[in-house]
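Engineer: My questions all concern the structure below.
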There are 2 protein chains.
Amino acid sequence: MEDKNDFTLSCPIPISEYPQILLAHGGGGKLMHQLIEQMFMASFANPALMARHDSAVLKVQSKKIAFTTDSYVVKPLFFPGGDIGALAIYGTVNDLAMSGARPLYISCGFIIEEGLPTETLWRVAQSMKQAAENAGVTIVTGDTKVVDRGKGDGLFINTAGIGEIAHGLTIAPSAVRLGDVLIINGDIGRHGMAVMAAREGLEFESAIESDCAPLAGAVMNLLEAGIQIHCLRDLTRGGLASALVEIAEAGSIHINIEEAAISVREDVQGACEILGFDPLYVANEGRFIAIVPEAETARALDILRSDKDFMRGAIIGRVTGGRPGIVTMKSRIGATRIIDMLSGEQLPRIC
Amino acid sequence: MEDKNDFTLSCPIPISEYPQILLAHGGGGKLMHQLIEQMFMASFANPALMARHDSAVLKVQSKKIAFTTDSYVVKPLFFPGGDIGALAIYGTVNDLAMSGARPLYISCGFIIEEGLPTETLWRVAQSMKQAAENAGVTIVTGDTKVVDRGKGDGLFINTAGIGEIAHGLTIAPSAVRLGDVLIINGDIGRHGMAVMAAREGLEFESAIESDCAPLAGAVMNLLEAGIQIHCLRDLTRGGLASALVEIAEAGSIHINIEEAAISVREDVQGACEILGFDPLYVANEGRFIAIVPEAETARALDILRSDKDFMRGAIIGRVTGGRPGIVTMKSRIGATRIIDMLSGEQLPRIC
């Protein structure tokens, strides 16, 4: 059981005095400065941030950088296996990693609804601090806004990230070739179902935990071993299916995957059936596919599986000679069907 | 009078079919892809963005970069002289400029409330496109989230930005020296009062227009002329007073300003009096101070005023031998008072 008091005790803003965030915490005056200093500076302490300038001044070694952003509006803010803070760090780190970049610097923009418990914000900040340490990135700049009660939903976080690109590869759908192999780093569907179960108050025998994790380490290992990666994609909104359709369309290639090779945990499958979802379309936050030349598949898989979190890495399909722009899946009983992009929305606000 | 039909006609998403943004526009499926392609890709078209990768791959010439972020929650979305879109570009461009960086790349994260008129989003996107062109920056990566009706407030935008630093100066409060001179680029208080007047439905003889503008050009002109800038600061939330107090505290210096030298337009002064605000604390979105050595003041002022938008640039004060960390102001009648940081909030949601 979680001990809420730990967070209350460690928060440097006196909870008894400011139990909730006020509009004034975003107004540019003393309260905002106190919030930034005691909440964020204290948590993320580093020289670039502590310079307290309008922008962070940073060094980069490479002349090629990756730049990405994501806003996080997940509901609820905390769910088994993660929370909005960890998600905001890992999600952006993972988008950088998908370009083969080494993530370095993160910015954070907080949009807080008036009335958010101060302790909640502190817990999220602590989670971000831990996630940044896990992923080897530094939070160097940020912004805090407070909106009126009823004009937000507790907390939204935007992060942007900068990474350095040291490799000379083109990692993109356009680089994918006939015969290439698709490798995944584990089972699918856990993040989306963890959030949905928490949101709907569903009780399973054991809680489904989000797969929320940083992926840059695994990608760096593959690159440093010289694997000629053709494409990388993390399997977030829209899940595995949408990611594959995007790649097939962008690269004008045909992808065929095997249902039997795709791992879905029994509890996730059960939750999907109860709630009427297809795990192929459910979001993950710690899963990606690497598309590599066939000759390098075995070595890539070994490297991937050497990470204890990704021991269930597997080959799930290939780039074949079928109709370009189309993804097909061979079912367990041998039938082949077309995998389409999701129409409309399946799981809103899972990230 | 504004012709709304122009925007309806030019929007590539069929307004009759999708008059409002739906939750599905943020779900990772077909509608989200359509929104991104037809709304944002069509508006911001450039090679880095069109690569449609998880992150943009970019070149930088310098090994020293500036990185910043801001979320924009201004209410209303449109106000005389600007809108949330222009603000989101100029605000981040200006934060980069305040490090003496040349702004290059911008990321955009949209948090849209379900039900936002599609045409409103299109108008904002067109304004961002125009602002990016004016400021010489490229929107290279983005993200779109949709939250349930009643859980947002129409539209929030986060931007992050990257700029290159070519100069070798330290531009920071720590570089400010006794005898340095404070230069401002124009009158104060217009942005905050323009937004407040629009929000409160106040009618003045003529509408107060926001001063919302990009500042990087003016800063680059000063740097390229070799002006030894010691500190730069834009006068956003908290206004001129808060910016000066921050600098005085961070640099352990004493700043004295002259009330008579600070320009406030008559209509702005009038609106401040009606609404009970002090223009010193009202936010600007196109105003900054440069702190420069006395010997370079005249040349710096000439360069600043050569920009037709900043012809009213003026000297407003000096770094003097008074108590460190304190800002004082000499009034029109000769009395001197301490300028403190704003307590609480004066003008919420003006950016």
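Each chain in the structure tokens gets a letter, A, B, ..., in the order shown, and its residues are numbered from 1; ligands are numbered from 1 in order too.
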So which residues touch stretch 303-307 of chain A within 12 Å, counting only C-alpha atoms, skipping near sequence neighbours fewer than 5 positions away, as a list in words?

Structural biologist: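 Here the qualifying residues turn out to be Ile183, Ile184, Asn185, Gly186, Pro214, Leu215, Ala216, Gly217, Ala218, Val219, Met220, Asn221, Leu222, Leu223, Glu224, Ala225, Gly226, Ile227, Arg287, Phe288, Ile289, Ala290, Glu296, Thr297, Ala298, Arg312, Gly313, Ala314 and Ile315 of chain A.
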
Engineer: Extract, using only C-alpha atoms, all DNA, RNA and protein residues at most 12 Å from B:Gly100, discarding same-chain residues fewer than 6 positions from it, and format them as JSON, numbers by chain.

Structural biologist: {"A": [53, 54, 55, 56, 57], "B": [64, 65, 66, 67, 93, 94, 162, 163, 164, 165, 166, 167, 168, 169, 170, 171, 172, 215, 216, 217, 218, 219, 220, 221, 222, 223, 224, 227, 228, 229, 230, 231, 232, 233, 234, 290]}

Engineer: Restricting the output to C-alpha atoms, write the selected residues as a CSV table (one decimal), in the first residue's frame.

Structural biologist:
chain,number,residue,atom,x,y,z
A,53,HIS,CA,17.2,32.0,-17.7
A,54,ASP,CA,14.4,32.4,-20.3
A,55,SER,CA,16.0,29.5,-22.1
A,56,ALA,CA,18.6,26.9,-21.2
A,57,VAL,CA,22.0,27.2,-22.8
B,64,LYS,CA,26.0,25.8,-28.2
B,65,ILE,CA,22.2,25.9,-28.4
B,66,ALA,CA,19.3,27.4,-26.5
B,67,PHE,CA,16.2,25.4,-25.6
B,93,VAL,CA,11.1,32.8,-30.2
B,94,ASN,CA,11.5,35.7,-27.7
B,162,ILE,CA,15.7,25.5,-30.3
B,163,GLY,CA,18.1,28.3,-31.2
B,164,GLU,CA,21.8,28.6,-32.1
B,165,ILE,CA,24.2,30.6,-30.1
B,166,ALA,CA,27.0,32.2,-32.1
B,167,HIS,CA,28.2,34.8,-29.7
B,168,GLY,CA,30.7,34.2,-26.9
B,169,LEU,CA,29.1,36.6,-24.4
B,170,THR,CA,27.6,35.6,-21.0
B,171,ILE,CA,24.1,37.1,-21.2
B,172,ALA,CA,22.8,36.7,-17.7
B,215,LEU,CA,12.2,40.2,-30.7
B,216,ALA,CA,14.9,38.0,-32.2
B,217,GLY,CA,15.6,40.4,-35.1
B,218,ALA,CA,16.3,43.3,-32.7
B,219,VAL,CA,18.6,41.2,-30.5
B,220,MET,CA,20.5,39.8,-33.5
B,221,ASN,CA,21.0,43.4,-34.8
B,222,LEU,CA,22.6,44.4,-31.4
B,223,LEU,CA,24.8,41.3,-31.3
B,224,GLU,CA,25.9,41.6,-34.9
B,227,ILE,CA,27.2,45.4,-28.6
B,228,GLN,CA,28.5,43.8,-25.4
B,229,ILE,CA,25.1,42.9,-24.0
B,230,HIS,CA,25.2,41.9,-20.4
B,231,CYS,CA,21.6,40.8,-19.9
B,232,LEU,CA,18.4,40.5,-21.8
B,233,ARG,CA,14.9,39.8,-20.4
B,234,ASP,CA,11.4,39.9,-22.0
B,290,ALA,CA,18.8,45.0,-22.7

Engineer: Residues near B:Ala160, anyone? I mean within 6 Å using only C-alpha atoms, not counting same-chain ones fewer than 6 positions away, as an NGL selection string.

Structural biologist: :B and (68-69 or 106-107)

Engineer: With all heavy atoms kept, could you save the residues just selected as a PDB file, in the first residue's frame?

Structural biologist:
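Dumped everything to again14.pdb:
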ATOM      1  N   THR B  68      14.009  26.138 -24.980  1.00  0.00           N
ATOM      2  CA  THR B  68      13.018  26.716 -24.066  1.00  0.00           C
ATOM      3  C   THR B  68      11.638  26.176 -24.368  1.00  0.00           C
ATOM      4  O   THR B  68      11.405  25.618 -25.446  1.00  0.00           O
ATOM      5  CB  THR B  68      13.020  28.255 -24.165  1.00  0.00           C
ATOM      6  OG1 THR B  68      12.249  28.796 -23.087  1.00  0.00           O
ATOM      7  CG2 THR B  68      12.410  28.730 -25.484  1.00  0.00           C
ATOM      8  N   THR B  69      10.719  26.342 -23.433  1.00  0.00           N
ATOM      9  CA  THR B  69       9.329  25.939 -23.667  1.00  0.00           C
ATOM     10  C   THR B  69       8.382  26.880 -22.956  1.00  0.00           C
ATOM     11  O   THR B  69       8.744  27.504 -21.947  1.00  0.00           O
ATOM     12  CB  THR B  69       9.078  24.497 -23.187  1.00  0.00           C
ATOM     13  OG1 THR B  69       7.817  24.057 -23.692  1.00  0.00           O
ATOM     14  CG2 THR B  69       9.024  24.401 -21.667  1.00  0.00           C
ATOM     15  N   ILE B 106      10.861  25.078 -34.012  1.00  0.00           N
ATOM     16  CA  ILE B 106       9.763  25.155 -33.043  1.00  0.00           C
ATOM     17  C   ILE B 106       8.982  23.838 -33.062  1.00  0.00           C
ATOM     18  O   ILE B 106       8.732  23.277 -34.134  1.00  0.00           O
ATOM     19  CB  ILE B 106       8.808  26.325 -33.399  1.00  0.00           C
ATOM     20  CG1 ILE B 106       9.548  27.673 -33.406  1.00  0.00           C
ATOM     21  CG2 ILE B 106       7.592  26.358 -32.476  1.00  0.00           C
ATOM     22  CD1 ILE B 106       9.874  28.246 -32.047  1.00  0.00           C
ATOM     23  N   SER B 107       8.615  23.361 -31.867  1.00  0.00           N
ATOM     24  CA  SER B 107       7.678  22.238 -31.754  1.00  0.00           C
ATOM     25  C   SER B 107       6.341  22.777 -31.258  1.00  0.00           C
ATOM     26  O   SER B 107       6.301  23.776 -30.539  1.00  0.00           O
ATOM     27  CB  SER B 107       8.208  21.195 -30.776  1.00  0.00           C
ATOM     28  OG  SER B 107       8.159  21.702 -29.443  1.00  0.00           O
TER      29      SER B 107
END

Engineer: Can you tell me, as an mmCIF file with N, CA and C atoms, in the first residue's frame, what residues are no more than 8 Å from A:Ile262 when counting only C-alpha atoms, ignoring any on the same chain fewer than 2 positions away?

Structural biologist:
data_model
loop_
_atom_site.group_PDB
_atom_site.id
_atom_site.type_symbol
_atom_site.label_atom_id
_atom_site.label_comp_id
_atom_site.auth_asym_id
_atom_site.auth_seq_id
_atom_site.Cartn_x
_atom_site.Cartn_y
_atom_site.Cartn_z
ATOM 1 N N ASP A 187 5.526 -8.132 -25.154
ATOM 2 C CA ASP A 187 4.077 -8.315 -25.315
ATOM 3 C C ASP A 187 3.396 -6.968 -25.532
ATOM 4 N N ILE A 188 2.201 -6.984 -26.094
ATOM 5 C CA ILE A 188 1.510 -5.722 -26.398
ATOM 6 C C ILE A 188 0.211 -5.542 -25.592
ATOM 7 N N GLU A 258 2.590 -12.251 -38.179
ATOM 8 C CA GLU A 258 2.007 -13.540 -37.777
ATOM 9 C C GLU A 258 1.349 -13.379 -36.417
ATOM 10 N N GLU A 259 0.065 -13.626 -36.357
ATOM 11 C CA GLU A 259 -0.667 -13.473 -35.099
ATOM 12 C C GLU A 259 -0.026 -14.295 -33.974
ATOM 13 N N ALA A 260 0.397 -15.516 -34.314
ATOM 14 C CA ALA A 260 0.930 -16.421 -33.291
ATOM 15 C C ALA A 260 2.226 -15.900 -32.675
ATOM 16 N N VAL A 264 0.446 -11.500 -26.240
ATOM 17 C CA VAL A 264 -0.514 -10.707 -25.462
ATOM 18 C C VAL A 264 -0.761 -11.466 -24.164
ATOM 19 N N ALA A 314 10.862 -10.643 -29.934
ATOM 20 C CA ALA A 314 10.507 -11.692 -30.892
ATOM 21 C C ALA A 314 10.390 -11.145 -32.309
ATOM 22 N N ILE A 316 8.122 -10.784 -35.419
ATOM 23 C CA ILE A 316 6.668 -10.863 -35.610
ATOM 24 C C ILE A 316 6.248 -10.807 -37.072
#

Engineer: With a cut-off of 6 Å and counting only C-alpha atoms, select all residues of chain B in contact with chain A and give the selection as an NGL selection string.

Structural biologist: :B and (24 or 27-31 or 54-60 or 63-71 or 95-96 or 109 or 141-143 or 151-153 or 237-238 or 342-345 or 348)
